[in-house]
file final.txt (compact mmCIF, C-alpha atoms)
# COMPACT_ATOMS: atom_id res chain seq x y z
CA LEU A 1 0.00 0.00 0.00
CA LEU A 2 2.83 2.40 0.84
CA ASP A 3 4.57 1.61 -2.45
CA LYS A 4 1.33 2.49 -4.23
CA GLY A 5 1.08 5.75 -2.27
CA ASP A 6 -2.13 4.71 -0.51
CA LYS A 7 -1.15 6.03 2.92
CA LEU A 8 -4.69 6.41 4.23
CA GLN A 9 -5.44 2.72 3.66
CA ALA A 10 -2.12 1.81 5.29
CA ILE A 11 -2.98 3.97 8.29
CA GLU A 12 -6.31 2.18 8.69
CA LEU A 13 -4.59 -1.22 8.59
CA TYR A 14 -2.02 -0.10 11.18
CA ARG A 15 -4.80 1.12 13.46
CA LYS A 16 -6.69 -2.18 13.21
CA ALA A 17 -3.46 -4.02 14.02
CA GLY A 18 -2.91 -1.84 17.09
CA LYS A 19 0.29 -0.32 15.67
CA SER A 20 -0.29 3.23 16.82
CA THR A 21 3.29 4.41 16.28
CA GLN A 22 3.31 3.49 12.61
CA ALA A 23 -0.15 4.99 12.10
CA ALA A 24 0.86 8.20 13.88
CA THR A 25 4.08 8.44 11.84
CA LEU A 26 2.14 8.27 8.58
CA LEU A 27 -0.45 10.75 9.84
CA ALA A 28 2.29 13.16 10.90
CA SER A 29 3.93 12.89 7.46
CA LEU A 30 0.59 13.61 5.76
CA ALA A 31 0.09 16.58 8.09
CA GLN A 32 3.53 17.95 7.20
CA GLU A 33 2.78 17.57 3.50
CA ALA A 34 -0.54 19.37 3.93
CA GLY A 35 1.17 22.14 5.87
CA ARG A 36 3.85 22.63 3.22
CA SER A 37 1.20 22.86 0.49
CA LYS A 38 -0.34 25.92 2.26
CA VAL A 39 -3.68 25.06 0.68
CA ASN A 40 -5.66 23.56 3.55
CA PRO A 41 -4.38 24.50 7.04
CA LEU A 42 -7.52 23.05 8.61
CA GLY A 43 -6.78 19.70 7.01
CA ALA A 44 -3.20 19.87 8.30
CA LYS A 45 -4.48 20.57 11.81
CA ARG A 46 -6.90 17.62 11.68
CA LEU A 47 -4.13 15.28 10.58
CA HIS A 48 -1.91 16.46 13.42
CA VAL A 49 -4.81 15.88 15.84
CA LEU A 50 -5.29 12.34 14.54
CA ALA A 51 -1.56 11.64 14.92
CA ALA A 52 -1.65 12.96 18.48
CA MET A 53 -4.68 10.82 19.30
CA GLU A 54 -2.83 7.74 18.07
CA MET A 55 0.10 8.55 20.37
CA GLU A 56 -2.29 9.04 23.29
CA GLU A 57 -3.74 5.62 22.49
CA LEU A 58 -0.23 4.16 22.56
CA ARG A 59 0.58 5.75 25.92
CA THR A 60 -2.66 4.46 27.43
CA ARG A 61 -2.13 0.95 26.08
CA VAL A 62 1.50 0.77 27.27
CA LEU A 63 0.60 2.04 30.73
CA ASP A 64 -2.32 -0.39 31.07
CA THR A 65 -0.05 -3.26 30.05
CA GLN A 66 2.53 -2.30 32.65
CA LEU A 67 -0.10 -2.00 35.39
CA LYS A 68 -1.49 -5.44 34.58
CA THR A 69 2.01 -6.92 34.46
CA MET A 70 2.78 -5.57 37.92
CA GLY A 71 -0.47 -7.00 39.27
CA LEU A 72 -2.07 -3.65 40.00
CA LYS A 73 -5.82 -4.01 40.16
CA GLU A 74 -7.97 -1.17 38.96
CA GLU A 75 -10.22 -1.22 42.03
CA GLU A 76 -7.26 -0.54 44.29
CA THR A 77 -6.81 2.87 42.68
CA THR A 78 -10.38 4.09 42.81
CA GLN A 79 -11.60 6.73 45.18
CA ARG A 80 -14.69 4.66 45.85
CA ASP A 81 -12.75 1.88 47.57
CA MET A 82 -10.87 4.42 49.66
CA ASP A 83 -14.17 5.91 50.75
CA GLU A 84 -15.52 2.45 51.65
CA GLU A 85 -12.46 1.68 53.74
CA TYR A 86 -12.85 4.98 55.51
CA GLU A 87 -16.51 4.26 56.31
CA LEU A 88 -15.60 0.82 57.68
CA GLY A 89 -12.85 2.33 59.79
CA THR A 90 -10.21 0.13 58.16
CA MET A 91 -8.29 2.66 56.07
CA ASN A 92 -5.68 3.22 58.76
CA LEU A 93 -5.19 -0.52 59.06
CA LYS A 94 -4.02 -0.81 55.44
CA PRO A 95 -1.36 1.87 54.89
CA GLN A 96 1.02 -0.60 53.23
CA ARG A 97 -1.43 -1.49 50.48
CA THR A 98 -1.87 2.15 49.44
CA GLN A 99 1.86 2.82 49.52
CA VAL A 100 2.62 -0.22 47.40
CA THR A 101 -0.06 0.82 44.92
CA VAL A 102 1.48 4.27 44.51
CA ALA A 103 4.94 2.78 44.08
CA GLN A 104 3.69 0.31 41.48
CA ALA A 105 1.85 3.03 39.60
CA THR A 106 4.94 5.23 39.56
CA ALA A 107 7.16 2.40 38.35
CA ALA A 108 4.64 1.48 35.67
CA THR A 109 4.44 5.06 34.48
CA LEU A 110 8.22 5.32 34.20
CA GLU A 111 8.39 2.03 32.33
CA SER A 112 5.66 3.19 29.95
CA LEU A 113 7.60 6.37 29.20
CA VAL A 114 10.71 4.34 28.40
CA GLN A 115 8.74 2.08 26.06
CA HIS A 116 7.05 5.09 24.47
CA ASP A 117 10.42 6.71 23.79
CA ALA A 118 11.67 3.49 22.24
CA ALA A 119 8.55 3.23 20.10
CA THR A 120 8.85 6.74 18.69
CA GLY A 121 12.50 6.13 17.83
CA GLU A 122 14.07 8.79 15.67
CA ASN A 123 10.76 10.40 14.74
CA ARG A 124 10.98 13.30 17.16
CA SER A 125 7.83 14.89 15.67
CA LEU A 126 5.88 12.35 17.74
CA ASP A 127 7.45 13.43 21.05
CA ASN A 128 4.94 16.25 21.33
CA ALA A 129 2.34 15.32 18.79
CA TRP A 130 -0.06 18.06 19.88
CA HIS A 131 2.51 20.76 19.02
CA GLY A 132 1.69 20.66 15.31
CA ALA A 133 -2.05 20.77 15.96
CA GLU A 134 -1.58 23.80 18.22
CA ALA A 135 0.49 25.55 15.54
CA PHE A 136 -2.20 25.41 12.87
CA HIS A 137 -4.93 26.08 15.43
CA PHE A 138 -3.39 29.37 16.56
CA PHE A 139 -2.43 30.27 12.98
CA MET A 140 -6.06 30.05 11.85
CA LEU A 141 -7.38 31.60 15.08
CA ALA A 142 -5.26 34.74 14.61
CA GLN A 143 -6.61 35.19 11.07
CA ARG A 144 -10.21 34.68 12.18
CA GLN A 145 -9.70 37.30 14.87
CA LEU A 146 -8.29 39.71 12.30
CA TYR A 147 -11.27 39.24 10.00
CA ALA A 148 -13.61 39.71 13.00
CA ASN A 149 -11.83 43.01 13.76
CA GLN A 150 -10.64 41.65 17.13
CA LEU A 151 -7.31 43.34 16.56
CA ARG A 152 -5.82 43.12 20.05
CA ASP A 153 -6.77 39.44 20.39
CA ALA A 154 -5.32 38.76 16.94
CA LEU A 155 -2.02 40.34 17.97
CA ALA A 156 -1.89 38.27 21.17
CA THR A 157 -2.52 35.06 19.23
CA ALA A 158 -0.09 35.95 16.43
CA LEU A 159 2.70 36.58 18.94
CA GLN A 160 2.22 33.03 20.25
CA LEU A 161 3.16 31.73 16.80
CA ARG A 162 6.84 32.49 17.43
CA ALA A 163 6.95 29.23 19.39
CA TYR A 164 5.71 27.31 16.32
CA ASP A 165 8.03 28.46 13.53
CA ASP A 166 9.43 24.92 13.52
CA VAL A 167 6.07 23.72 12.15
CA LEU A 168 4.77 26.75 10.27
CA ASP A 169 6.53 28.64 7.50
CA PRO A 170 8.53 31.44 9.25
CA ARG A 171 7.63 33.81 6.45
CA GLU A 172 3.92 33.32 7.09
CA VAL A 173 4.40 33.56 10.87
CA TYR A 174 6.25 36.87 10.84
CA SER A 175 4.12 38.29 8.03
CA LEU A 176 1.05 37.67 10.17
CA ILE A 177 2.73 39.20 13.23
CA ALA A 178 3.78 42.24 11.16
CA LEU A 179 0.23 42.72 9.86
CA ALA A 180 -1.41 42.33 13.28
CA SER A 181 1.16 44.68 14.82
CA TYR A 182 0.64 47.27 12.08
CA LEU A 183 -3.13 47.26 12.60
CA ASN A 184 -2.60 47.71 16.37
CA SER A 185 -0.01 50.50 15.86
CA ALA A 186 2.41 48.24 17.75
CA TRP A 187 5.43 49.56 15.91
CA GLY A 188 7.93 47.84 18.20
CA GLN A 189 6.55 44.38 17.45
CA CYS A 190 6.08 45.32 13.82
CA SER A 191 9.76 46.31 13.58
CA LYS A 192 10.88 43.01 15.13
CA ALA A 193 8.72 41.08 12.66
CA PHE A 194 10.23 42.94 9.69
CA ILE A 195 13.73 42.24 10.99
CA GLU A 196 12.88 38.54 10.98
CA LEU A 197 11.41 38.78 7.47
CA GLU A 198 14.48 40.57 6.11
CA SER A 199 16.76 37.93 7.60
CA LEU A 200 14.95 34.89 6.20
CA LYS A 201 17.06 32.28 4.46
CA PRO A 202 17.10 32.27 0.65
CA THR A 203 15.27 28.93 0.72
CA SER A 204 12.33 30.58 2.50
CA CYS A 205 12.34 33.98 0.82
CA SER A 206 13.87 35.27 -2.40
CA LYS A 207 16.25 38.21 -2.48
CA ALA A 208 13.66 40.30 -4.36
CA ASP A 209 11.07 39.66 -1.64
CA ARG A 210 13.55 40.56 1.11
CA GLU A 211 14.28 43.82 -0.69
CA ARG A 212 10.54 44.55 -0.87
CA PHE A 213 10.26 43.88 2.86
CA ALA A 214 13.12 46.30 3.50
CA LYS A 215 11.51 48.96 1.31
CA LEU A 216 8.13 48.56 3.06
CA ALA A 217 9.78 48.68 6.49
CA LEU A 218 11.58 51.91 5.55
CA ALA A 219 8.29 53.51 4.52
CA ILE A 220 6.56 52.44 7.76
CA PHE A 221 9.29 53.36 10.23
CA THR A 222 10.17 56.64 8.61
CA ALA A 223 6.77 57.85 9.79
CA ASN A 224 6.56 55.81 13.03
CA ARG A 225 9.10 55.22 15.77
CA PRO A 226 9.53 51.48 16.51
CA GLN A 227 7.91 51.63 19.93
CA ASP A 228 4.83 49.88 21.31
CA PRO A 229 1.97 51.71 23.03
CA PRO A 230 1.75 51.00 26.80
CA GLU A 231 -1.16 48.54 26.50
CA VAL A 232 0.68 46.49 23.87
CA ALA A 233 3.88 46.56 25.92
CA THR A 234 1.89 45.15 28.86
CA LEU A 235 0.40 42.44 26.63
CA VAL A 236 3.83 41.44 25.30
CA GLU A 237 5.19 41.31 28.85
CA GLU A 238 2.35 39.00 29.89
CA ILE A 239 2.96 36.71 26.91
CA ASN A 240 6.71 36.55 27.53
CA LYS A 241 6.17 35.92 31.24
CA GLY A 242 3.64 33.19 30.48
CA ARG A 243 6.02 31.47 28.05
CA ALA A 244 8.94 31.66 30.50
CA SER A 245 6.80 30.39 33.39
CA GLY A 246 5.15 27.66 31.35
CA TYR A 247 1.64 29.07 31.68
CA PRO A 248 -0.91 27.28 29.50
CA ILE A 249 -2.47 29.12 26.58
CA CYS A 250 -6.23 29.43 26.30
CA MET A 251 -7.25 27.49 23.21
CA ILE A 252 -10.16 29.87 22.61
CA SER A 253 -8.59 33.31 23.08
CA GLY A 254 -4.92 32.58 22.39
CA LYS A 255 -3.86 34.39 25.56
CA PRO A 256 -1.78 32.92 28.41
CA ILE A 257 -3.63 31.82 31.55
CA ASN A 258 -2.02 33.33 34.66
CA GLU A 259 -2.23 32.29 38.32
CA LYS A 260 -5.19 34.57 39.05
CA GLN A 261 -7.23 32.81 36.37
CA ALA A 262 -6.22 29.27 37.37
CA GLY A 263 -9.45 28.68 39.27
CA ARG A 264 -11.59 29.47 36.23
CA VAL A 265 -10.10 27.02 33.76
CA TYR A 266 -11.55 24.03 31.92
CA LYS A 267 -9.20 21.20 30.92
CA CYS A 268 -10.06 19.04 27.93
CA ARG A 269 -10.28 15.33 28.75
CA ARG A 270 -8.58 14.26 25.51
CA CYS A 271 -5.81 16.74 24.65
CA SER A 272 -5.40 18.14 28.20
CA ARG A 273 -5.29 21.68 26.79
CA LYS A 274 -6.94 24.40 28.80
CA MET A 275 -9.38 27.22 28.17
CA LEU A 276 -10.91 29.94 30.28
CA GLU A 277 -14.46 29.20 31.36
CA ASP A 278 -15.40 32.79 30.54
CA CYS A 279 -14.50 32.13 26.90
CA ILE A 280 -16.35 28.82 26.50
CA ARG A 281 -19.85 30.32 26.35
CA SER A 282 -21.81 28.32 23.77
CA LEU A 283 -18.97 26.00 22.71
CA ASN A 284 -19.83 22.31 22.83
CA HIS A 285 -16.47 20.91 21.74
CA CYS A 286 -12.80 21.53 22.43
CA PRO A 287 -11.54 23.97 19.76
CA LEU A 288 -8.30 21.98 19.37
CA CYS A 289 -9.22 18.27 19.37
CA HIS A 290 -13.04 18.62 19.10
CA MET A 291 -13.71 16.46 22.16
CA MET A 292 -17.16 17.14 23.62
CA LEU A 293 -17.04 19.51 26.59
CA VAL A 294 -18.81 18.43 29.76

call {"tool": "encode", "arguments": {"input": "final.txt", "output": "structure tokens"}}
result
Amino acid sequence: LLDKGDKLQAIELYRKAGKSTQAATLLASLAQEAGRSKVNPLGAKRLHVLAAMEMEELRTRVLDTQLKTMGLKEEETTQRDMDEEYELGTMNLKPQRTQVTVAQATAATLESLVQHDAATGENRSLDNAWHGAEAFHFFMLAQRQLYANQLRDALATALQLRAYDDVLDPREVYSLIALASYLNSAWGQCSKAFIELESLKPTSCSKADRERFAKLALAIFTANRPQDPPEVATLVEEINKGRASGYPICMISGKPINEKQAGRVYKCRRCSRKMLEDCIRSLNHCPLCHMMLV
């Protein structure tokens, strides 16, 4: 099937055979091809999501196998049994059982991670399979926000794309940042984006295009000093702080979620990505993986 170029049929056969790594590898390659074509970013995102779901299936299967191998029974880990022991007054009489269970679960988790790393092999794109899905998600979100005239939100989302220039075309990333910055009069961020565009490699941008970028930048910054207004400077500081501190990004708004907002966050059951409850409103599905919200 692969020799014939029928990757979708091969993926289906791998899935039926329980070979999630091979299926995810093919899905990731299809997603990369779709991304390079620049024709259907939504299709590229969906393929990345499918690849990530296959890797999640692999992690779950490996962990379950390790737990069964170590003789860990599912009922020993449930909160219900702990509650029953507490009601019977026997919980304090069984501290060793709980401690052993935790130790077994920890050992099984570590073993599953080792096996997962061995399964992915040299295909490092599978290490963080959701990364590609996030890249195209935020790329499309920023453009939707621009078309909806949500200019400040579009700038916040576009600035997040700097962390995804390993998946997206850097030219498209910094062009989008430059446009969003221009529309927000964020001349400091706009200047930084043009610097990146002018320094693109010849394989990503021709010399003629780089000269046009330089000419356009000269026209813009002759009339405007490359400085951000205070509100944009505050936004950029929040984004940089969130990235440095590892704050999650709201999948709906594209903004980082800080400590003050931590109590008002919904976490998707499938992709584990987070979103602010204030932003969910009428959404029924996760905007990244499309899992139903409950």

call {"tool": "residues_near_point", "arguments": {"input": "final.txt", "point": "(-14.7, 30.9, 26.1)", "cutoff": "12 Å", "atoms": "only C-alpha atoms", "output": "VMD selection string"}}
result
chain A and resid 250 to 255 264 to 266 274 to 287 293

call {"tool": "residues_near_point", "arguments": {"input": "final.txt", "point": "(2.8, 16.1, 12.8)", "cutoff": "6 Å", "atoms": "all atoms listed in the file", "output": "PyMOL selection string"}}
result
chain A and resi 28+31-32+48+125+132

call {"tool": "atom_distance", "arguments": {"input": "final.txt", "atom1": "CA of Lys45 (chain A)", "atom2": "CA of Ile249 (chain A)"}}
result
17.2 Å

call {"tool": "residues_around", "arguments": {"input": "final.txt", "residues": "Ala233 (chain A)", "least_positions_apart": "2", "cutoff": "12 Å", "atoms": "all atoms listed in the file", "output": "VMD selection string"}}
result
chain A and resid 152 155 to 156 181 184 to 189 227 to 231 235 to 240

call {"tool": "closest_residue", "arguments": {"input": "final.txt", "among": "A:Gly242, A:Pro248, A:Gly43, A:Gly35", "to": "Leu168 (chain A)", "atoms": "only C-alpha atoms"}}
result
A:Gly35
